[in-house]
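Enquirer: Data: input.txt, compact mmCIF, C-alpha atoms.
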```txt
# COMPACT_ATOMS: atom_id res chain seq x y z
CA MET A 1 0.00 0.00 0.00
CA GLU A 2 1.51 3.29 -1.02
CA GLN A 3 -0.13 6.67 -0.84
CA ASP A 4 1.05 9.80 -2.57
CA LEU A 5 3.76 11.09 -0.30
CA PRO A 6 3.63 14.76 0.64
CA GLY A 7 6.18 17.13 -0.79
CA GLY A 8 8.35 19.46 1.22
CA VAL A 9 9.86 18.66 4.58
CA ARG A 10 8.40 15.52 6.10
CA LEU A 11 8.54 13.76 9.41
CA ILE A 12 8.99 10.04 8.74
CA VAL A 13 8.30 7.64 11.60
CA GLY A 14 8.99 3.91 11.62
CA VAL A 15 6.05 1.99 13.08
CA ASP A 16 5.81 -1.60 14.29
CA GLU A 17 4.13 -3.52 17.11
CA SER A 18 6.76 -2.69 19.76
CA PRO A 19 6.16 -0.36 22.74
CA ALA A 20 9.16 1.74 21.67
CA SER A 21 7.49 2.33 18.32
CA ARG A 22 4.39 3.64 20.07
CA TRP A 23 6.53 6.12 22.01
CA ALA A 24 8.21 7.20 18.77
CA LEU A 25 4.83 7.72 17.07
CA ALA A 26 3.56 9.79 19.99
CA TRP A 27 6.71 11.94 19.84
CA ALA A 28 6.37 12.28 16.07
CA ILE A 29 2.73 13.38 16.27
CA GLY A 30 3.67 16.08 18.76
CA ALA A 31 6.64 17.25 16.69
CA ALA A 32 4.57 17.27 13.48
CA ARG A 33 1.96 19.46 15.17
CA LEU A 34 4.56 21.77 16.64
CA HIS A 35 6.49 22.28 13.40
CA ARG A 36 3.51 21.89 11.02
CA MET A 37 5.15 19.04 9.13
CA ALA A 38 3.58 16.26 7.12
CA LEU A 39 3.74 12.92 8.94
CA VAL A 40 4.63 9.74 7.03
CA ALA A 41 4.08 6.52 9.00
CA VAL A 42 6.05 3.59 7.57
CA HIS A 43 5.84 -0.08 8.49
CA VAL A 44 8.34 -2.43 6.89
CA SER A 45 7.76 -6.15 7.28
CA ARG A 46 10.76 -8.46 7.42
CA ALA A 47 8.76 -11.27 5.79
CA PRO A 48 10.99 -13.44 3.61
CA VAL A 49 9.75 -12.96 0.07
CA HIS A 50 11.32 -13.35 -3.33
CA PRO A 51 12.96 -10.12 -4.60
CA PHE A 52 11.08 -10.40 -7.89
CA PRO A 53 7.51 -11.33 -6.92
CA GLU A 54 6.34 -11.14 -10.53
CA ALA A 55 8.39 -14.27 -11.25
CA LEU A 56 6.32 -16.43 -8.92
CA PRO A 57 2.56 -15.84 -8.57
CA VAL A 58 2.54 -17.29 -5.05
CA GLN A 59 5.23 -14.84 -3.92
CA HIS A 60 3.26 -11.95 -5.41
CA ALA A 61 0.22 -12.96 -3.35
CA ILE A 62 2.35 -13.29 -0.21
CA ARG A 63 3.82 -9.81 -0.74
CA GLN A 64 0.37 -8.27 -1.27
CA GLY A 65 -0.96 -10.00 1.84
CA GLU A 66 1.98 -8.82 3.88
CA GLU A 67 1.58 -5.22 2.68
CA SER A 68 -2.11 -5.25 3.65
CA ARG A 69 -1.12 -6.60 7.10
CA CYS A 70 1.35 -3.70 7.36
CA ALA A 71 -1.50 -1.25 6.78
CA GLU A 72 -3.45 -2.91 9.60
CA VAL A 73 -0.44 -2.60 11.91
CA ILE A 74 -0.14 1.13 11.18
CA ALA A 75 -3.86 1.69 11.77
CA GLY A 76 -3.71 -0.27 15.04
CA VAL A 77 -0.74 1.68 16.37
CA PHE A 78 -2.39 5.00 15.49
CA GLU A 79 -5.53 3.79 17.30
CA ASP A 80 -3.51 2.85 20.42
CA VAL A 81 -1.49 6.07 20.52
CA ALA A 82 -3.87 8.79 19.34
CA GLY A 83 -7.31 7.20 19.08
CA GLY A 84 -6.95 7.05 15.30
CA VAL A 85 -5.22 9.11 12.66
CA PRO A 86 -5.18 12.77 13.80
CA ASP A 87 -7.40 15.04 11.72
CA ASP A 88 -5.23 18.11 12.25
CA LEU A 89 -2.18 16.60 10.49
CA ARG A 90 -1.33 15.67 6.93
CA VAL A 91 -0.70 11.95 7.36
CA ALA A 92 0.44 9.43 4.77
CA THR A 93 1.05 5.75 5.39
CA LEU A 94 3.45 3.49 3.57
CA SER A 95 3.83 -0.31 3.72
CA LYS A 96 6.94 -2.09 2.51
CA VAL A 97 8.37 -5.59 2.63
CA GLY A 98 12.09 -6.11 3.14
CA ASP A 99 14.81 -4.66 5.34
CA PRO A 100 13.38 -1.85 7.52
CA GLY A 101 16.63 0.10 7.81
CA TYR A 102 17.23 0.13 4.08
CA HIS A 103 13.69 1.25 3.21
CA LEU A 104 13.59 3.97 5.88
CA VAL A 105 16.96 5.43 4.83
CA ASP A 106 15.94 5.24 1.17
CA LEU A 107 12.67 7.07 1.88
CA ALA A 108 14.20 9.91 3.93
CA ARG A 109 15.42 12.86 1.87
CA GLU A 110 17.72 15.63 2.94
CA GLY A 111 15.80 18.00 5.20
CA ASP A 112 13.36 15.34 6.46
CA LEU A 113 13.23 14.17 10.05
CA LEU A 114 13.42 10.39 10.61
CA VAL A 115 11.99 9.20 13.94
CA LEU A 116 12.50 5.69 15.30
CA GLY A 117 11.84 3.94 18.58
CA ARG A 118 14.48 2.01 20.48
CA GLY A 119 13.44 -0.54 23.05
CA ARG A 120 15.33 -2.78 25.38
CA ARG A 121 16.65 -5.91 23.71
CA ARG A 122 18.24 -9.02 25.10
CA LEU A 123 21.62 -10.28 23.97
CA LEU A 124 20.29 -13.00 21.68
CA SER A 125 17.98 -10.53 19.95
CA ARG A 126 20.85 -8.10 19.40
CA ILE A 127 23.00 -10.84 17.90
CA LEU A 128 20.39 -12.33 15.57
CA LEU A 129 18.46 -9.22 14.52
CA PRO A 130 20.34 -6.04 13.65
CA SER A 131 19.15 -2.75 15.12
CA THR A 132 17.12 -0.72 12.64
CA SER A 133 17.66 2.50 14.59
CA MET A 134 21.43 2.09 14.60
CA TYR A 135 21.46 1.28 10.87
CA CYS A 136 19.45 4.44 10.15
CA ALA A 137 21.67 6.55 12.40
CA ARG A 138 24.75 5.39 10.48
CA HIS A 139 23.41 5.59 6.93
CA ALA A 140 20.72 8.30 6.79
CA LYS A 141 21.52 11.59 5.07
CA THR A 142 19.01 13.41 7.24
CA THR A 143 18.41 14.08 10.93
CA VAL A 144 17.54 10.94 12.89
CA VAL A 145 15.71 11.08 16.22
CA ILE A 146 15.78 7.90 18.29
CA VAL A 147 13.14 7.81 21.01
CA GLN A 148 14.19 5.56 23.88
CA GLN A 149 11.43 3.53 25.47
CA PRO A 150 11.21 4.68 29.10
CA SER A 151 11.85 2.22 31.90
CA PRO A 152 8.86 1.15 33.93
CA PRO A 153 8.78 2.84 37.35
CA ASP A 154 9.13 -0.46 39.22
CA ASP A 155 12.29 -1.40 37.30
CA PRO A 156 15.04 -2.25 39.84
CA GLU A 157 17.72 -0.61 37.69
CA LEU A 158 15.79 2.66 37.69
CA SER A 159 15.32 2.79 41.44
CA GLY A 160 18.80 1.59 42.34
CA GLU A 161 17.33 -1.43 44.12
CA ARG A 162 19.57 -3.83 42.21
CA ALA A 163 22.74 -2.05 43.32
CA ARG A 164 21.58 -1.96 46.94
CA ARG A 165 20.76 -5.66 46.91
CA PHE A 166 24.12 -6.58 45.41
CA TRP A 167 26.28 -4.47 47.72
CA SER A 168 24.26 -4.69 50.90
CA ARG A 169 25.50 -6.72 53.81
CA ARG A 170 23.40 -9.54 55.00
CA ASN A 171 22.80 -9.83 58.71
CA TYR A 172 23.38 -13.40 59.84
```
Please express the file's structure as structure tokens.

Expert:
Amino acid sequence: MEQDLPGGVRLIVGVDESPASRWALAWAIGAARLHRMALVAVHVSRAPVHPFPEALPVQHAIRQGEESRCAEVIAGVFEDVAGGVPDDLRVATLSKVGDPGYHLVDLAREGDLLVLGRGRRRLLSRILLPSTSMYCARHAKTTVVIVQQPSPPDDPELSGERARRFWSRRNY
């Protein structure tokens, strides 16, 4: 699914099902309102499909199905964050299949603002799945804003509880 993308300076936000993505979308909506920028919400699916879907009819159907699922993901995240697509903004949505970092960097022009979420990831996830936000920060020719997912208030690392437990003396 591809809409006509707005001209001029745009705020491009990467959207997926993660909590960090929801924080990034909320930040992007506020920044787009503040600076009166067009907002482009992009979801890129990592589904393994053939690079030339026209060669295999089954692959073409898989790609089309995946792009329609991407549109549902974008609509769902907008619903969770803002109660739907804001009426006071120029919003375009874009669904792609492939490598998220590559498509986001390719979409962002000079002068645009690229917004991505960054959540907490475990070691195995960092090894097996490269960070889209770090790829975009290294390769984008535009300004990249990475919105860090905040820690929950009961997180031991936030409150210092973990350090106190480790270094505290036990009374025997």

Enquirer: Excluding region 139-154 of chain A and residues on its chain fewer than 3 positions from it, collect all residues at most 6 Å away from it, counting all atoms listed in the file, and give them as a ChimeraX atom specification.

Expert: /A:20,24,105,110-111,113-119,136

Enquirer: So, with all atoms listed in the file as the atoms that count, which of A:Gly7, A:Gly30, A:Gly83, A:Gly65 lies closest to Ala108 (chain A)?

Expert: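 For Ala108 (chain A), the nearest of the given residues is A:Gly7.
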
Enquirer: Expressed in Å to a single decimal, how great is the separation between CA of Arg33 (chain A) and CA of Asp88 (chain A)?

Expert: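 So the answer is 7.9 Å.
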
Enquirer: Kindly compute an axis-aligned box around the listed atoms of region 68-80 of chain A, allowing 3 Å on each side, and express its centre and edge lengths in Å to one decimal as AutoDock Vina command-line options.

Expert:
```
--center_x -2.1 --center_y -0.8 --center_z 12.0 --size_x 12.9 --size_y 17.6 --size_z 22.8
```

Enquirer: Report, in Å to a single decimal, how far apart CA of Val42 (chain A) and CA of Ala137 (chain A) are.

Expert: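 The value is 16.6 Å.
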
Enquirer: Which residue is closest to Thr132 (chain A)? Choose from A:Pro86, A:Gly14, A:Pro19, A:Gly76 and count all atoms listed in the file.

Expert: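 When distances to Thr132 (chain A) are compared using all atoms listed in the file, the smallest one comes from A:Gly14.
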
Enquirer: Take CA of Ser133 (chain A) and CA of Pro100 (chain A) and report the distance between them in Å, one decimal.

Expert: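 For CA of Ser133 (chain A) relative to CA of Pro100 (chain A), the distance reads 9.3 Å.
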
Enquirer: Using all atoms listed in the file, pick whichever of A:Glu72, A:Val40, A:Asp99, A:Val81 has the shortest atom-to-atom distance to Trp27 (chain A).

Expert: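 Of A:Glu72, A:Val40, A:Asp99, A:Val81, the one nearest Trp27 (chain A) is A:Val81, counting all atoms listed in the file.
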
Enquirer: Using all atoms listed in the file, which of the listed residues (A:Val97, A:Ile12, A:Ala28, A:Ala41) sits closest to Glu66 (chain A)?

Expert: A:Val97

Enquirer: For Tyr102 (chain A), which residue among A:Val44, A:Ser18, A:Asp87, A:Gly8 is the nearest when counting all atoms listed in the file?

Expert: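 Checking each candidate against Tyr102 (chain A), we get A:Val44 as the closest.
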
Enquirer: Please determine, counting only C-alpha atoms, which residue among A:Leu34, A:Val73, A:Leu107, A:Val9 has the shortest atom-to-atom distance to Arg22 (chain A).

Expert: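 When distances to Arg22 (chain A) are compared using only C-alpha atoms, the smallest one comes from A:Val73.
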